[in-house]
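Engineer: What follows is input_24.cif, made up of mmCIF, C-alpha atoms:
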```cif
data_structure
#
loop_
_atom_site.group_PDB
_atom_site.id
_atom_site.type_symbol
_atom_site.label_atom_id
_atom_site.label_comp_id
_atom_site.auth_asym_id
_atom_site.auth_seq_id
_atom_site.Cartn_x
_atom_site.Cartn_y
_atom_site.Cartn_z
ATOM 1 C CA MET A 1 0.000 0.000 0.000
ATOM 2 C CA LYS A 2 2.849 2.342 0.907
ATOM 3 C CA SER A 3 4.753 1.625 -2.326
ATOM 4 C CA LEU A 4 1.604 1.758 -4.418
ATOM 5 C CA SER A 5 0.667 5.173 -3.012
ATOM 6 C CA LEU A 6 4.113 6.586 -3.924
ATOM 7 C CA PHE A 7 3.752 5.267 -7.475
ATOM 8 C CA ALA A 8 0.176 6.627 -7.650
ATOM 9 C CA ALA A 9 1.325 10.068 -6.497
ATOM 10 C CA GLY A 10 3.887 10.048 -9.333
ATOM 11 C CA LEU A 11 1.188 9.018 -11.835
ATOM 12 C CA MET A 12 -1.105 11.787 -10.626
ATOM 13 C CA PHE A 13 1.682 14.363 -10.846
ATOM 14 C CA ALA A 14 2.493 13.300 -14.435
ATOM 15 C CA ALA A 15 -1.175 13.418 -15.475
ATOM 16 C CA GLY A 16 -1.452 16.908 -13.993
ATOM 17 C CA LEU A 17 1.630 18.128 -15.851
ATOM 18 C CA ALA A 18 0.495 16.701 -19.208
ATOM 19 C CA LEU A 19 -3.140 17.903 -18.899
ATOM 20 C CA SER A 20 -2.112 21.377 -17.794
ATOM 21 C CA GLY A 21 0.188 22.137 -20.746
ATOM 22 C CA MET A 22 3.427 22.120 -18.736
ATOM 23 C CA THR A 23 4.917 19.419 -21.019
ATOM 24 C CA GLN A 24 4.679 21.785 -24.019
ATOM 25 C CA PRO A 25 7.752 24.028 -23.906
ATOM 26 C CA ALA A 26 6.260 26.551 -26.348
ATOM 27 C CA LYS A 27 3.425 27.157 -23.831
ATOM 28 C CA VAL A 28 5.920 27.594 -20.991
ATOM 29 C CA ILE A 29 7.960 30.053 -23.056
ATOM 30 C CA GLY A 30 4.718 31.902 -23.977
ATOM 31 C CA PHE A 31 3.797 32.067 -20.285
ATOM 32 C CA LEU A 32 7.204 33.527 -19.384
ATOM 33 C CA ASP A 33 6.933 36.102 -22.194
ATOM 34 C CA PHE A 34 5.338 38.770 -19.965
ATOM 35 C CA PHE A 35 6.611 41.574 -22.209
ATOM 36 C CA GLY A 36 5.533 39.989 -25.510
ATOM 37 C CA ALA A 37 2.499 37.943 -26.610
ATOM 38 C CA TRP A 38 1.930 36.742 -23.043
ATOM 39 C CA ASP A 39 -0.014 33.469 -22.733
ATOM 40 C CA PRO A 40 -1.543 33.538 -19.230
ATOM 41 C CA ALA A 41 -2.825 29.919 -19.325
ATOM 42 C CA LEU A 42 -0.156 28.410 -17.071
ATOM 43 C CA ILE A 43 -0.836 30.854 -14.249
ATOM 44 C CA PHE A 44 -3.902 28.654 -13.639
ATOM 45 C CA VAL A 45 -1.631 25.638 -13.093
ATOM 46 C CA MET A 46 0.019 27.487 -10.207
ATOM 47 C CA VAL A 47 -3.330 28.714 -8.902
ATOM 48 C CA GLY A 48 -4.855 25.205 -8.991
ATOM 49 C CA ALA A 49 -1.830 23.464 -7.518
ATOM 50 C CA ILE A 50 -1.192 25.975 -4.742
ATOM 51 C CA ALA A 51 -4.889 26.279 -3.802
ATOM 52 C CA VAL A 52 -5.424 22.505 -3.488
ATOM 53 C CA ASN A 53 -2.152 21.988 -1.613
ATOM 54 C CA PHE A 54 -2.741 25.021 0.648
ATOM 55 C CA VAL A 55 -6.216 23.872 1.717
ATOM 56 C CA ALA A 56 -5.118 20.227 2.102
ATOM 57 C CA LEU A 57 -2.121 21.202 4.251
ATOM 58 C CA ARG A 58 -4.441 22.900 6.791
ATOM 59 C CA PHE A 59 -5.909 19.450 7.516
ATOM 60 C CA ILE A 60 -2.806 17.317 6.955
ATOM 61 C CA LEU A 61 -0.530 19.195 9.338
ATOM 62 C CA ARG A 62 -3.126 18.948 12.111
ATOM 63 C CA GLN A 63 -2.576 15.175 12.174
ATOM 64 C CA PRO A 64 0.012 13.861 14.640
ATOM 65 C CA LYS A 65 2.035 12.191 11.861
ATOM 66 C CA PRO A 66 1.872 11.105 8.197
ATOM 67 C CA VAL A 67 0.113 7.775 7.502
ATOM 68 C CA PHE A 68 3.260 5.848 6.477
ATOM 69 C CA ALA A 69 6.065 7.845 8.154
ATOM 70 C CA ALA A 70 7.176 8.876 11.644
ATOM 71 C CA SER A 71 7.037 12.662 11.090
ATOM 72 C CA PHE A 72 6.388 15.450 8.603
ATOM 73 C CA GLY A 73 9.559 16.553 6.823
ATOM 74 C CA ILE A 74 8.928 20.284 6.597
ATOM 75 C CA PRO A 75 11.905 22.549 5.828
ATOM 76 C CA THR A 76 12.455 24.927 8.737
ATOM 77 C CA ARG A 77 14.902 27.441 7.256
ATOM 78 C CA ARG A 78 13.550 30.950 6.804
ATOM 79 C CA ASP A 79 16.726 32.887 5.925
ATOM 80 C CA LEU A 80 17.353 34.229 2.426
ATOM 81 C CA ASP A 81 20.914 33.420 1.374
ATOM 82 C CA PRO A 82 22.861 34.084 -1.853
ATOM 83 C CA ARG A 83 22.785 30.373 -2.768
ATOM 84 C CA LEU A 84 18.961 30.283 -2.735
ATOM 85 C CA ILE A 85 18.682 33.403 -4.882
ATOM 86 C CA GLY A 86 21.666 32.632 -7.153
ATOM 87 C CA GLY A 87 20.583 29.026 -7.675
ATOM 88 C CA SER A 88 16.996 30.040 -8.434
ATOM 89 C CA ALA A 89 18.259 32.697 -10.866
ATOM 90 C CA ILE A 90 20.380 30.094 -12.722
ATOM 91 C CA PHE A 91 17.450 27.660 -12.785
ATOM 92 C CA GLY A 92 15.182 30.368 -14.253
ATOM 93 C CA VAL A 93 17.620 31.047 -17.118
ATOM 94 C CA GLY A 94 17.600 27.333 -18.013
ATOM 95 C CA TRP A 95 13.802 27.186 -17.696
ATOM 96 C CA GLY A 96 13.325 30.148 -20.039
ATOM 97 C CA LEU A 97 15.969 28.871 -22.474
ATOM 98 C CA ALA A 98 14.373 25.442 -23.076
ATOM 99 C CA GLY A 99 10.857 25.802 -21.646
ATOM 100 C CA PHE A 100 11.419 22.783 -19.405
ATOM 101 C CA CYS A 101 11.701 22.394 -15.655
ATOM 102 C CA PRO A 102 12.554 19.020 -14.015
ATOM 103 C CA GLY A 103 9.043 17.522 -13.607
ATOM 104 C CA PRO A 104 7.771 18.022 -17.179
ATOM 105 C CA ALA A 105 11.152 16.937 -18.608
ATOM 106 C CA LEU A 106 11.044 13.599 -16.734
ATOM 107 C CA THR A 107 7.370 13.109 -17.597
ATOM 108 C CA SER A 108 8.290 13.576 -21.285
ATOM 109 C CA LEU A 109 11.062 10.932 -21.161
ATOM 110 C CA PRO A 110 8.845 8.142 -22.667
ATOM 111 C CA THR A 111 8.502 10.196 -25.885
ATOM 112 C CA LEU A 112 12.223 9.419 -26.406
ATOM 113 C CA ALA A 113 12.473 12.673 -28.384
ATOM 114 C CA THR A 114 16.104 13.784 -28.828
ATOM 115 C CA PRO A 115 15.678 17.224 -27.158
ATOM 116 C CA ILE A 116 14.121 15.559 -24.083
ATOM 117 C CA LEU A 117 16.935 13.007 -23.796
ATOM 118 C CA VAL A 118 19.521 15.781 -24.187
ATOM 119 C CA PHE A 119 17.797 18.026 -21.636
ATOM 120 C CA VAL A 120 17.364 15.295 -19.013
ATOM 121 C CA GLY A 121 20.923 13.992 -19.567
ATOM 122 C CA PHE A 122 22.458 17.429 -19.048
ATOM 123 C CA MET A 123 20.130 18.167 -16.126
ATOM 124 C CA LEU A 124 21.261 15.006 -14.298
ATOM 125 C CA ALA A 125 24.870 15.868 -15.197
ATOM 126 C CA GLY A 126 24.363 19.352 -13.712
ATOM 127 C CA MET A 127 23.023 17.826 -10.495
ATOM 128 C CA ALA A 128 25.927 15.357 -10.302
ATOM 129 C CA LEU A 129 28.430 18.150 -11.034
ATOM 130 C CA PHE A 130 26.964 20.247 -8.219
ATOM 131 C CA ASP A 131 27.265 17.313 -5.853
ATOM 132 C CA LEU A 132 30.895 16.728 -6.865
ATOM 133 C CA VAL A 133 31.890 20.388 -6.346
ATOM 134 C CA GLU A 134 29.975 20.535 -3.078
ATOM 135 C CA HIS A 135 31.703 17.456 -1.669
ATOM 136 C CA ALA A 136 35.129 18.718 -2.748
ATOM 137 C CA ARG A 137 34.388 22.065 -1.093
ATOM 138 C CA ILE A 138 33.257 20.426 2.158
ATOM 139 C CA ARG A 139 36.379 18.188 2.189
ATOM 140 C CA ARG A 140 38.644 21.198 1.600
ATOM 141 C CA THR A 141 36.962 23.197 4.369
ATOM 142 C CA SER A 142 37.119 20.341 6.861
ATOM 143 C CA THR A 143 40.836 19.610 6.170
ATOM 144 C CA SER A 144 41.884 23.276 6.391
ATOM 145 C CA HIS A 145 40.067 23.694 9.697
ATOM 146 C CA GLY A 146 40.649 20.277 11.158
ATOM 147 C CA MET B 1 -2.281 38.520 -24.965
ATOM 148 C CA HIS B 2 -4.410 36.109 -26.980
ATOM 149 C CA THR B 3 -6.696 33.600 -25.309
ATOM 150 C CA GLU B 4 -9.618 31.411 -26.284
ATOM 151 C CA PRO B 5 -12.736 30.887 -24.140
ATOM 152 C CA GLY B 6 -12.152 28.237 -21.499
ATOM 153 C CA PHE B 7 -8.363 28.289 -22.025
ATOM 154 C CA TRP B 8 -7.919 28.150 -18.242
ATOM 155 C CA ILE B 9 -9.925 24.957 -17.594
ATOM 156 C CA TRP B 10 -7.275 22.293 -18.364
ATOM 157 C CA PRO B 11 -4.448 24.218 -16.725
ATOM 158 C CA LEU B 12 -6.607 24.527 -13.601
ATOM 159 C CA ILE B 13 -7.552 20.807 -13.619
ATOM 160 C CA GLY B 14 -3.917 19.798 -14.236
ATOM 161 C CA GLY B 15 -2.772 22.147 -11.490
ATOM 162 C CA ALA B 16 -5.307 20.662 -9.066
ATOM 163 C CA LEU B 17 -3.921 17.165 -9.797
ATOM 164 C CA ILE B 18 -0.365 18.396 -9.158
ATOM 165 C CA GLY B 19 -1.485 20.018 -5.879
ATOM 166 C CA GLY B 20 -3.362 16.828 -4.966
ATOM 167 C CA SER B 21 -0.267 14.718 -5.591
ATOM 168 C CA ALA B 22 1.816 17.053 -3.424
ATOM 169 C CA ALA B 23 -0.828 16.832 -0.666
ATOM 170 C CA LEU B 24 -0.780 13.015 -0.878
ATOM 171 C CA MET B 25 3.017 12.942 -0.537
ATOM 172 C CA MET B 26 2.796 15.034 2.639
ATOM 173 C CA ALA B 27 -0.258 13.300 4.139
ATOM 174 C CA LEU B 28 1.003 9.749 3.539
ATOM 175 C CA HIS B 29 4.790 10.049 3.571
ATOM 176 C CA GLY B 30 5.581 13.427 5.157
ATOM 177 C CA ARG B 31 7.569 14.343 2.042
ATOM 178 C CA ILE B 32 7.758 17.483 -0.082
ATOM 179 C CA ALA B 33 6.870 16.662 -3.724
ATOM 180 C CA GLY B 34 9.879 18.546 -5.071
ATOM 181 C CA ILE B 35 10.942 16.871 -8.297
ATOM 182 C CA SER B 36 14.508 18.210 -8.454
ATOM 183 C CA GLY B 37 15.171 17.128 -4.872
ATOM 184 C CA ILE B 38 13.646 13.665 -5.339
ATOM 185 C CA VAL B 39 15.573 12.999 -8.572
ATOM 186 C CA SER B 40 18.912 14.392 -7.450
ATOM 187 C CA GLY B 41 18.865 11.978 -4.510
ATOM 188 C CA LEU B 42 18.642 9.101 -6.978
ATOM 189 C CA ILE B 43 21.824 10.122 -8.779
ATOM 190 C CA THR B 44 23.905 11.412 -5.885
ATOM 191 C CA GLY B 45 23.758 8.673 -3.308
ATOM 192 C CA ASP B 46 20.478 8.448 -1.411
ATOM 193 C CA ARG B 47 18.859 5.847 -3.665
ATOM 194 C CA ALA B 48 15.915 5.303 -1.311
ATOM 195 C CA LEU B 49 13.081 3.215 -2.741
ATOM 196 C CA TRP B 50 10.456 5.927 -2.223
ATOM 197 C CA ARG B 51 12.308 8.152 -4.711
ATOM 198 C CA SER B 52 12.374 5.442 -7.400
ATOM 199 C CA LEU B 53 8.694 4.654 -6.874
ATOM 200 C CA PHE B 54 7.607 8.277 -7.247
ATOM 201 C CA VAL B 55 9.829 8.902 -10.283
ATOM 202 C CA GLY B 56 8.659 5.551 -11.736
ATOM 203 C CA GLY B 57 5.054 6.747 -11.398
ATOM 204 C CA LEU B 58 5.981 10.037 -13.045
ATOM 205 C CA ILE B 59 7.544 8.294 -16.061
ATOM 206 C CA VAL B 60 4.818 5.631 -16.426
ATOM 207 C CA GLY B 61 2.241 8.421 -16.092
ATOM 208 C CA GLY B 62 4.062 10.314 -18.840
ATOM 209 C CA LEU B 63 3.974 7.217 -21.060
ATOM 210 C CA ALA B 64 0.216 6.742 -20.483
ATOM 211 C CA MET B 65 -0.489 10.401 -21.273
ATOM 212 C CA TYR B 66 1.742 10.231 -24.360
ATOM 213 C CA LEU B 67 -0.199 7.203 -25.672
ATOM 214 C CA LEU B 68 -3.572 8.844 -24.904
ATOM 215 C CA GLN B 69 -2.756 12.322 -26.170
ATOM 216 C CA PRO B 70 0.599 12.772 -27.953
ATOM 217 C CA THR B 71 -0.168 16.446 -28.711
ATOM 218 C CA SER B 72 0.361 17.181 -24.998
ATOM 219 C CA PHE B 73 4.074 16.617 -25.680
ATOM 220 C CA THR B 74 4.575 18.938 -28.652
ATOM 221 C CA LEU B 75 8.155 20.228 -28.664
ATOM 222 C CA ALA B 76 9.253 23.807 -29.330
ATOM 223 C CA ALA B 77 10.554 24.123 -32.878
ATOM 224 C CA ASP B 78 12.724 27.144 -32.127
ATOM 225 C CA ARG B 79 15.259 25.714 -29.667
ATOM 226 C CA SER B 80 18.490 24.074 -30.873
ATOM 227 C CA LEU B 81 20.022 21.019 -29.217
ATOM 228 C CA GLY B 82 22.942 23.153 -28.029
ATOM 229 C CA ALA B 83 20.621 25.586 -26.234
ATOM 230 C CA THR B 84 18.628 22.652 -24.848
ATOM 231 C CA ALA B 85 21.794 21.036 -23.458
ATOM 232 C CA LEU B 86 22.932 24.302 -21.849
ATOM 233 C CA ALA B 87 19.433 24.768 -20.412
ATOM 234 C CA GLY B 88 19.477 21.271 -18.912
ATOM 235 C CA LEU B 89 22.844 21.914 -17.279
ATOM 236 C CA LEU B 90 21.655 25.244 -15.818
ATOM 237 C CA VAL B 91 18.424 23.651 -14.532
ATOM 238 C CA GLY B 92 20.392 20.830 -12.877
ATOM 239 C CA LEU B 93 22.949 23.136 -11.238
ATOM 240 C CA GLY B 94 20.486 25.886 -10.326
ATOM 241 C CA THR B 95 17.894 23.640 -8.691
ATOM 242 C CA ARG B 96 20.566 22.011 -6.489
ATOM 243 C CA LEU B 97 22.157 25.327 -5.523
ATOM 244 C CA GLY B 98 18.751 26.913 -4.878
ATOM 245 C CA ASN B 99 17.340 23.785 -3.206
ATOM 246 C CA GLY B 100 14.280 23.358 -5.392
ATOM 247 C CA CYS B 101 12.391 23.971 -8.600
ATOM 248 C CA THR B 102 8.881 24.860 -9.769
ATOM 249 C CA SER B 103 7.338 22.017 -7.734
ATOM 250 C CA GLY B 104 9.280 22.167 -4.455
ATOM 251 C CA HIS B 105 9.385 25.975 -4.206
ATOM 252 C CA GLY B 106 6.553 27.022 -6.548
ATOM 253 C CA VAL B 107 3.854 24.565 -5.470
ATOM 254 C CA CYS B 108 4.831 23.092 -2.083
ATOM 255 C CA GLY B 109 6.760 26.046 -0.637
ATOM 256 C CA ILE B 110 4.283 28.746 -1.587
ATOM 257 C CA ALA B 111 1.387 26.643 -0.225
ATOM 258 C CA ARG B 112 3.258 26.637 3.130
ATOM 259 C CA LEU B 113 3.862 30.394 2.739
ATOM 260 C CA SER B 114 7.609 29.772 3.094
ATOM 261 C CA PRO B 115 9.499 33.055 2.614
ATOM 262 C CA ARG B 116 12.441 31.201 1.003
ATOM 263 C CA SER B 117 10.162 29.550 -1.556
ATOM 264 C CA ILE B 118 8.301 32.780 -2.331
ATOM 265 C CA VAL B 119 11.619 34.564 -3.009
ATOM 266 C CA ALA B 120 12.938 31.586 -5.025
ATOM 267 C CA THR B 121 9.784 31.488 -7.183
ATOM 268 C CA ILE B 122 9.852 35.234 -7.865
ATOM 269 C CA THR B 123 13.552 34.908 -8.769
ATOM 270 C CA PHE B 124 13.254 32.010 -11.234
ATOM 271 C CA MET B 125 10.160 33.503 -12.859
ATOM 272 C CA ALA B 126 11.997 36.820 -13.270
ATOM 273 C CA THR B 127 15.159 35.315 -14.803
ATOM 274 C CA GLY B 128 13.017 32.969 -16.915
ATOM 275 C CA ALA B 129 11.059 35.943 -18.285
ATOM 276 C CA LEU B 130 14.288 37.882 -18.853
ATOM 277 C CA THR B 131 15.770 34.945 -20.783
ATOM 278 C CA VAL B 132 12.682 34.722 -23.014
ATOM 279 C CA VAL B 133 12.904 38.476 -23.726
ATOM 280 C CA VAL B 134 16.626 38.212 -24.551
ATOM 281 C CA VAL B 135 16.043 35.225 -26.884
ATOM 282 C CA ARG B 136 13.206 37.078 -28.610
ATOM 283 C CA SER B 137 14.948 40.466 -28.859
ATOM 284 C CA PHE B 138 18.522 39.458 -29.702
ATOM 285 C CA PHE B 139 18.114 36.054 -31.370
ATOM 286 C CA GLY B 140 14.783 36.587 -33.172
ATOM 287 C CA GLY B 141 13.104 33.983 -30.941
ATOM 288 C CA ARG B 142 15.306 31.110 -32.156
ATOM 289 C CA ILE B 143 18.326 29.883 -30.254
#
```
Would it be possible to restate this file's structure as structure tokens?

Structural biologist:
Amino acid sequence: MKSLSLFAAGLMFAAGLALSGMTQPAKVIGFLDFFGAWDPALIFVMVGAIAVNFVALRFILRQPKPVFAASFGIPTRRDLDPRLIGGSAIFGVGWGLAGFCPGPALTSLPTLATPILVFVGFMLAGMALFDLVEHARIRRTSTSHG
Amino acid sequence: MHTEPGFWIWPLIGGALIGGSAALMMALHGRIAGISGIVSGLITGDRALWRSLFVGGLIVGGLAMYLLQPTSFTLAADRSLGATALAGLLVGLGTRLGNGCTSGHGVCGIARLSPRSIVATITFMATGALTVVVVRSFFGGRI
């Protein structure tokens, strides 16, 4: 039941992305084109997703714990640091350049279209590269101080 | 701005499904449905089963939708493979550095009214819009 519900949540997420238009990069680019022929359609994806999640969270977080886990994993940080803003800025450039963010790109993988394979490949490489640099940085810091 | 009557219905329904999936992940598993975070764990060490199951659902769901309605996966004709590769790299790096993407910050974070997620979402929407303007103004909309 636990495994099935995780798989079902993934299915539901993919259906939502495909039905909403998020898996069509031209629509995403049109939505981001605020200063041109702006296509407002995808604002309703955010409105729908945030509204449902916002209302549901009021009830969910009143429960003592999640159904299949020991506790709710809610991020507690509230500070605004350069990494958050710089990272988000870099992500936005990539999003506007291709019209893809991670969810829609992965959902489009079964199309086996070359641009999707290229995008996902380089996205995973970018994540791995970040991890590599981060680990090297942590090692360097810990040796120089320890 | 050009819209047709009822243009907002499918985006709203799709959005509600995405929000419902995120609510399920929190209610059942206490997890944030942040795609970049879930996927990056799979490639950088924490290969927990729950990540594979969710991503498996995402990909099988994509396959089902592709078979039912292939037009939902129409690609942009005006983006080269080089630009697509660069974009993928920037999305991978940026989402790790900024700790989230459209789902984790934009859907889950904003629904919790997290100040970090609100700032992150404003930032990536602003640089996304700026990139689209630059591509349109300096590259004639093709890159």

Engineer: For Ala16 (chain B), list every protein, DNA or RNA residue within 6 Å, evaluated using all atoms listed in the file, and leave out those in the same chain fewer than 4 positions away; present the list as a tab-separated table (two decimals) with C-alpha atoms, in the frame of the given file.

Structural biologist:
```tsv
chain	number	residue	atom	x	y	z
A	48	GLY	CA	-4.86	25.20	-8.99
A	49	ALA	CA	-1.83	23.46	-7.52
A	52	VAL	CA	-5.42	22.50	-3.49
B	20	GLY	CA	-3.36	16.83	-4.97
```

Engineer: On this structure, the PyMOL selection byres ((chain A and resi 108-123) around 10) would catch which residues? List them as a ChimeraX atom specification, sorted by chain and number.

Structural biologist: /A:14,17-18,23-24,94,98,100-107,124-129 /B:36,40,58-67,70,72-76,79-95

Engineer: Could you tell me how far CA of Gly96 (chain A) lies from CA of Val132 (chain B), in Å and to one decimal?

Structural biologist: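 Taking CA of Gly96 (chain A) as the start and CA of Val132 (chain B) as the end point, the length is 5.5 Å.
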
Engineer: Calculated over all atoms listed in the file, which of the candidates A:Met1, A:Ala26, A:Ala70, A:Ser20 has the smallest distance to Leu97 (chain A)?

Structural biologist: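 Nearest candidate to Leu97 (chain A) out of A:Met1, A:Ala26, A:Ala70, A:Ser20: A:Ala26.
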
Engineer: The PyMOL selection byres ((chain A and resi 54-68) around 12) on the file shown: which residues, as a count of residues only?

Structural biologist: 45

Engineer: Measuring between only C-alpha atoms, which one of B:Arg96, B:Arg136, B:Arg47, B:Arg142 shows the shortest distance to Val133 (chain A)?

Structural biologist: B:Arg96

Engineer: Evaluating the PyMOL selection byres ((chain A and resi 44) around 7) on the displayed file yields which residues, as a PDB file with C-alpha atoms, keeping the file's coordinate frame?

Structural biologist:
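Output contents, as saved in result-v6.pdb:
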```pdb
ATOM      1  CA  ALA A  41      -2.825  29.919 -19.325  1.00  0.00           C
ATOM      2  CA  LEU A  42      -0.156  28.410 -17.071  1.00  0.00           C
ATOM      3  CA  ILE A  43      -0.836  30.854 -14.249  1.00  0.00           C
ATOM      4  CA  VAL A  45      -1.631  25.638 -13.093  1.00  0.00           C
ATOM      5  CA  MET A  46       0.019  27.487 -10.207  1.00  0.00           C
ATOM      6  CA  VAL A  47      -3.330  28.714  -8.902  1.00  0.00           C
ATOM      7  CA  GLY A  48      -4.855  25.205  -8.991  1.00  0.00           C
TER       8      GLY A  48
ATOM      9  CA  TRP B   8      -7.919  28.150 -18.242  1.00  0.00           C
ATOM     10  CA  PRO B  11      -4.448  24.218 -16.725  1.00  0.00           C
ATOM     11  CA  LEU B  12      -6.607  24.527 -13.601  1.00  0.00           C
ATOM     12  CA  GLY B  15      -2.772  22.147 -11.490  1.00  0.00           C
TER      13      GLY B  15
END
```

Engineer: Report, as lines of an AutoDock Vina configuration file, the axis-aligned box around all atoms of region 123-141 of chain A present in the file, extended by 5 Å on each side; give centre and edge lengths in Å to one decimal place.

Structural biologist:
```
center_x = 29.4
center_y = 19.1
center_z = -5.9
size_x = 28.5
size_y = 18.2
size_z = 30.5
```

Engineer: For region 3-14 of chain B, write N, CA and C atoms out as a PDB file, in the first residue's frame.

Structural biologist:
```
ATOM      1  N   THR B   3      -6.165  34.774 -25.993  1.00  0.00           N
ATOM      2  CA  THR B   3      -6.696  33.600 -25.309  1.00  0.00           C
ATOM      3  C   THR B   3      -8.011  33.181 -25.937  1.00  0.00           C
ATOM      4  N   GLU B   4      -8.336  31.907 -25.800  1.00  0.00           N
ATOM      5  CA  GLU B   4      -9.618  31.411 -26.284  1.00  0.00           C
ATOM      6  C   GLU B   4     -10.507  31.150 -25.075  1.00  0.00           C
ATOM      7  N   PRO B   5     -11.840  31.142 -25.280  1.00  0.00           N
ATOM      8  CA  PRO B   5     -12.736  30.887 -24.140  1.00  0.00           C
ATOM      9  C   PRO B   5     -12.422  29.527 -23.506  1.00  0.00           C
ATOM     10  N   GLY B   6     -12.387  29.499 -22.197  1.00  0.00           N
ATOM     11  CA  GLY B   6     -12.152  28.237 -21.499  1.00  0.00           C
ATOM     12  C   GLY B   6     -10.706  27.785 -21.507  1.00  0.00           C
ATOM     13  N   PHE B   7      -9.785  28.655 -21.948  1.00  0.00           N
ATOM     14  CA  PHE B   7      -8.363  28.289 -22.025  1.00  0.00           C
ATOM     15  C   PHE B   7      -7.790  27.906 -20.663  1.00  0.00           C
ATOM     16  N   TRP B   8      -8.442  28.336 -19.592  1.00  0.00           N
ATOM     17  CA  TRP B   8      -7.919  28.150 -18.242  1.00  0.00           C
ATOM     18  C   TRP B   8      -8.359  26.829 -17.613  1.00  0.00           C
ATOM     19  N   ILE B   9      -9.334  26.132 -18.250  1.00  0.00           N
ATOM     20  CA  ILE B   9      -9.925  24.957 -17.594  1.00  0.00           C
ATOM     21  C   ILE B   9      -8.920  23.823 -17.404  1.00  0.00           C
ATOM     22  N   TRP B  10      -8.226  23.410 -18.496  1.00  0.00           N
ATOM     23  CA  TRP B  10      -7.275  22.293 -18.364  1.00  0.00           C
ATOM     24  C   TRP B  10      -6.069  22.642 -17.504  1.00  0.00           C
ATOM     25  N   PRO B  11      -5.513  23.856 -17.672  1.00  0.00           N
ATOM     26  CA  PRO B  11      -4.448  24.218 -16.725  1.00  0.00           C
ATOM     27  C   PRO B  11      -4.893  24.129 -15.266  1.00  0.00           C
ATOM     28  N   LEU B  12      -6.124  24.560 -14.980  1.00  0.00           N
ATOM     29  CA  LEU B  12      -6.607  24.527 -13.601  1.00  0.00           C
ATOM     30  C   LEU B  12      -6.793  23.084 -13.119  1.00  0.00           C
ATOM     31  N   ILE B  13      -7.361  22.220 -13.988  1.00  0.00           N
ATOM     32  CA  ILE B  13      -7.552  20.807 -13.619  1.00  0.00           C
ATOM     33  C   ILE B  13      -6.184  20.138 -13.412  1.00  0.00           C
ATOM     34  N   GLY B  14      -5.265  20.365 -14.357  1.00  0.00           N
ATOM     35  CA  GLY B  14      -3.917  19.798 -14.236  1.00  0.00           C
ATOM     36  C   GLY B  14      -3.239  20.282 -12.966  1.00  0.00           C
TER      37      GLY B  14
END
```
